[in-house]
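Engineer: Quick one: structure below, then a few questions.
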Amino acid sequence: MSKAERRAEQEKQRAAKVAGQTDGGTGGGKGGGQQQKKAPQQNAQAADSNVPRTPQVQHSGRGAAPDPSSVPTEKRANEPAGPPPVPTHSRLFPHLRLPKANILASASVAGTSKAEIHTSILRLALQFSSFKVTGGNARCIATLTALKSVINSYTTPQGTTLSRHLMTYLSPQISHLVAARPMSASMGNAIRWLKYEVSVLSIDLPEQNAKDYLCERIDTYIRDRITVADRVIEDHAMEKIRDGDVVLTYARSSSVEKVLKAAHEAKIKFSVVAVDCGPLFEGKSLVAALPPDLSVTYVLLPSLSPVLPTVSLCLFGAHSLLANGGLYSRAGTASVAMMARERNIPVLVCCETYKFSEKVWGDGVTHNELGEHSARPLPCVPLIPIAAPSTSALAPVPTVSLEHINLLYDLTPASYITAVVTEVGLIPPSSVPTVLFRQGVTAAQGL
């Protein structure tokens with residue numbers, strides 16, 4: 001046998017061995033002639049696998065839509081494009097997310113079904129995400145009222161106590177509200193207080209008595225820290241409004257609204273300048289809520305400069321007052337306060353002490369919230385050069401994609417604030433840590 005014949009025989013044996021390994025050893029008991037016949041078949045199958053084939057459309061049943069990946073490219077190009085996906089974050093501020101409009105579509109907490117979320121919490125979360133309930137006081141009262149309903153319907157499981165298991169039951173409820181919209185400072189302080197009240201409950205207290213006690217404490221908190229506090233703030237703020245004054249306010253604050261109504265009922269002759277801005281335009285609701293015989297001027301924020309010389313007092317509401325005296329309030333408040341400070345106009349902030357925060361922020365972007373219609377792309381705007389050469393007349397015009405950024409809050413420095421009107425009196429912004437310290441001592445003493 002020549003060398004060429006031996007090499008051809010070795011190639012056939014090697015091909016037969018590879019074919020036997022591919023078949024999983026099923027052909028090991030057959031003769032070598034059958035393996036030599038299978039080798040050309042395997043090579044033919046391998047060659048056929050490299051040929052591109054037309055995808056076959058498979059239907060799972062009558063009326064089922066075909067797989068989009070199996071539809072030819074030409075047919076998919078002729079189909080109308082679907083609606084663009086709804087953005088959830090901003091490209092400029094990716095750490096800020098939009099409120100969930102479809103909060104009822106799925107459970108917001110991992111491992112928690114919608115059946116475990118109380119109906120009052122589901123309703124309130126939907127109102128939060130759609131901005132039906134806005135404002136620090138309104139959101140805090142609505143949250144405590146919903147949690148009171150949850151506590152009334154709660155039943156302690158066997159083998160545990162209410163003081164140890166209740167917060168485990170309330171945590172998914174609170175997380176669902178936070179998923180709908182970020183928690184406000186007033187809600188955070190109120191929930192922290194409620195956790196403390198639950199932790200100090202006696203384990204020997206009967207379940208019904210413990211639930212009645214917690215509901216009573218919630219009602220007391222709403223009455224003392226919000227309702228009565230607003231009445232005291234009204235009395236303190238009314239002393240700063242005199243006949244002939246022009247009071248400027250921004251957006252809408254429940255505390256400022258009560259002060260203006262109380263001053264009007266006290267027969268004080270004054271006028272109001274309501275400054276407003278997007279995205280919520282809450283100033284329109286304030287103008288509608290004020291008495292009709294009160295002189296009110298409604299202006300937008302860009303038109304503030306011509307009106308500002310006639311203003312004698314500025315009254316602002318507060319979302320939160322930080323430990324360094326910074327005012328965290330509706331976006332645009334810092335601009336109005338800065339312009340008023342430049343003209344030596346007193347700036348008063350009406351804020352309850354339960355909104356005081358121990359946090360210190362240096363800017364209003366790190367911790368903020370996006371309003372409605374944020375992060376939605378605007379139509380592409382053509383960038384037309386000032387002097388384009390004649391040779392580029394047929395060149396494509398470059399475009400840029402823009403998006404809305406509607407921040408809900410901003411941070412006003414303490415240097416722009418004259419005084420803070422609280423239920424403990426008029427205090428400078430630098431006294432916030434003192435009030436927080438006294439509240440901590442009072443809570444530690446159980447008063």
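Ordering of the structure tokens sets the chain letters (A, B, ...); residue numbers start at 1 within each chain; ligands are numbered from 1 in the order shown.
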Leaving out Leu426 of chain A and any residue of its chain fewer than 5 positions from it, which residues lie within 9 Å of it when counting only C-alpha atoms, given as a PDB file with N, CA, C and O atoms, in the first residue's frame?
Structural biologist:
```pdb
ATOM      1  N   HIS A 236     -49.320  84.753  65.172  1.00  0.00           N
ATOM      2  CA  HIS A 236     -48.007  85.394  65.094  1.00  0.00           C
ATOM      3  C   HIS A 236     -47.809  86.118  63.769  1.00  0.00           C
ATOM      4  O   HIS A 236     -47.231  87.215  63.742  1.00  0.00           O
ATOM      5  N   ALA A 237     -48.247  85.525  62.667  1.00  0.00           N
ATOM      6  CA  ALA A 237     -48.029  86.137  61.359  1.00  0.00           C
ATOM      7  C   ALA A 237     -48.942  87.330  61.127  1.00  0.00           C
ATOM      8  O   ALA A 237     -48.554  88.284  60.426  1.00  0.00           O
ATOM      9  N   ALA A 419     -37.082  85.734  59.236  1.00  0.00           N
ATOM     10  CA  ALA A 419     -37.507  85.022  60.447  1.00  0.00           C
ATOM     11  C   ALA A 419     -38.392  83.866  60.044  1.00  0.00           C
ATOM     12  O   ALA A 419     -38.941  83.827  58.932  1.00  0.00           O
ATOM     13  N   VAL A 420     -38.537  82.919  60.964  1.00  0.00           N
ATOM     14  CA  VAL A 420     -39.391  81.747  60.772  1.00  0.00           C
ATOM     15  C   VAL A 420     -40.523  81.831  61.782  1.00  0.00           C
ATOM     16  O   VAL A 420     -40.288  81.943  62.996  1.00  0.00           O
ATOM     17  N   VAL A 421     -41.755  81.784  61.295  1.00  0.00           N
ATOM     18  CA  VAL A 421     -42.937  81.851  62.147  1.00  0.00           C
ATOM     19  C   VAL A 421     -43.352  80.428  62.496  1.00  0.00           C
ATOM     20  O   VAL A 421     -43.759  79.658  61.622  1.00  0.00           O
TER      21      VAL A 421
END
```
Engineer: Counting only C-alpha atoms, which of A:Cys350, A:Leu370, A:Ala125, A:Ala138 gets nearest to Asp410 of chain A?
Structural biologist: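 With only C-alpha atoms as the atom set, the closest residue is A:Leu370.
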Engineer: With only C-alpha atoms as the counted atoms, please give the residues lying no more than 7 Å from Asn406 of chain A, apart from itself and same-chain residues fewer than 2 positions off, as a list in words.
Structural biologist: Pro279, Leu370, Gly371, Ser374, His404 and Leu408 of chain A
Engineer: Skipping near chain neighbours, those fewer than 5 positions away, what residues fall within 10 Å of Ile417 of chain A using only C-alpha atoms, listed as a list in words?
Structural biologist: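 Counting only the stated atoms, we get Cys314, Phe316, Gly325, Gly326, Leu327, Ala334, Ala337, Met338, Ala340, Arg341, Pro346, Val347, Leu348, Val349, Thr412, Pro428 and Pro429 of chain A.
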Engineer: Would you save the residues from that selection as a PDB file, in the first residue's frame, using C-alpha atoms?
Structural biologist:
```
ATOM      1  CA  CYS A 314     -43.168  88.141  51.735  1.00  0.00           C
ATOM      2  CA  PHE A 316     -43.641  81.650  52.218  1.00  0.00           C
ATOM      3  CA  GLY A 325     -31.485  77.106  58.447  1.00  0.00           C
ATOM      4  CA  GLY A 326     -31.972  76.327  54.759  1.00  0.00           C
ATOM      5  CA  LEU A 327     -35.536  76.388  53.451  1.00  0.00           C
ATOM      6  CA  ALA A 334     -35.141  80.723  46.293  1.00  0.00           C
ATOM      7  CA  ALA A 337     -36.472  85.246  48.254  1.00  0.00           C
ATOM      8  CA  MET A 338     -33.229  86.416  46.672  1.00  0.00           C
ATOM      9  CA  ALA A 340     -36.887  90.278  47.824  1.00  0.00           C
ATOM     10  CA  ARG A 341     -33.738  90.312  49.935  1.00  0.00           C
ATOM     11  CA  PRO A 346     -38.829  91.103  54.943  1.00  0.00           C
ATOM     12  CA  VAL A 347     -39.110  87.395  54.168  1.00  0.00           C
ATOM     13  CA  LEU A 348     -41.126  85.338  56.676  1.00  0.00           C
ATOM     14  CA  VAL A 349     -41.469  81.564  56.500  1.00  0.00           C
ATOM     15  CA  THR A 412     -33.184  78.731  49.901  1.00  0.00           C
ATOM     16  CA  PRO A 428     -34.225  83.087  63.322  1.00  0.00           C
ATOM     17  CA  PRO A 429     -33.251  80.241  60.989  1.00  0.00           C
TER      18      PRO A 429
END
```
Engineer: Rank nothing, just name the residue among A:Asp243, A:Asp204, A:Glu369, A:Asp235 nearest to Ser184 of chain A, using only C-alpha atoms.
Structural biologist: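 So, comparing all the options, the nearest one is A:Glu369.
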Engineer: For the atom pair atom CA of Gly278 of chain A and atom CA of Leu290 of chain A, what is the interatomic distance in Å to one decimal place?
Structural biologist: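 We find that atom CA of Gly278 of chain A and atom CA of Leu290 of chain A lie 20.2 Å from each other.
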Engineer: Which of these residues is nearest to Thr434 of chain A, using only C-alpha atoms: A:Leu96, A:Ala323, A:Ile405, A:Ala414?
Structural biologist: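 Going through A:Leu96, A:Ala323, A:Ile405, A:Ala414 one by one, the smallest distance to Thr434 of chain A is for A:Ala323.
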Engineer: Using only C-alpha atoms, find the one residue out of A:Arg97, A:Lys17, A:Ser120, A:Val424 that sits nearest to His367 of chain A.
Structural biologist: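 Result for the nearest residue to His367 of chain A: A:Arg97.
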Engineer: Of the candidates A:Gly159, A:Gly188, A:Pro206, A:Pro413, which one gets nearest to Asn324 of chain A if we count only C-alpha atoms?
Structural biologist: A:Pro413
Engineer: Using atom CA of Leu294 of chain A and atom CA of Leu260 of chain A as the two end points, give the distance in Å to one decimal.
Structural biologist: 9.5 Å
Engineer: Just list the residues in segment 114-305 of chain A DSSP gives strand (DSSP E) on the backbone, as a count of residues only.
Structural biologist: 17
Engineer: Would you mind telling me which residue in A:Cys277, A:Leu313, A:Gly135, A:Val296 lies nearest to Met238 of chain A when using only C-alpha atoms?
Structural biologist: A:Leu313
Engineer: Pick out the residues sitting within 6 Å of Leu322 of chain A, and hand them over as JSON, numbers by chain; count only C-alpha atoms, and ignore anything fewer than 5 positions along from it in its own chain.
Structural biologist: {"A": [357, 359, 360]}
Engineer: Can those selected residues be exported to a file as a short mmCIF file (atom, residue, chain, number, x, y, z; two decimals), in the first residue's frame so that it contains C-alpha atoms?
Structural biologist:
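Saved to selection_3.cif:
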```cif
data_model
loop_
_atom_site.label_atom_id
_atom_site.label_comp_id
_atom_site.auth_asym_id
_atom_site.auth_seq_id
_atom_site.Cartn_x
_atom_site.Cartn_y
_atom_site.Cartn_z
CA SER A 357 -35.13 68.28 59.90
CA LYS A 359 -30.34 67.00 57.76
CA VAL A 360 -27.98 69.50 56.14
#
```
Engineer: According to DSSP computed on the backbone, where in segment 64-300 of chain A is there helix (DSSP H, G or I)? Give the residues as a PyMOL selection string.
Structural biologist: chain A and resi 68-70+73-78+114-116+119-129+136-152+162-180+185-199+207-238+254-265+283-289
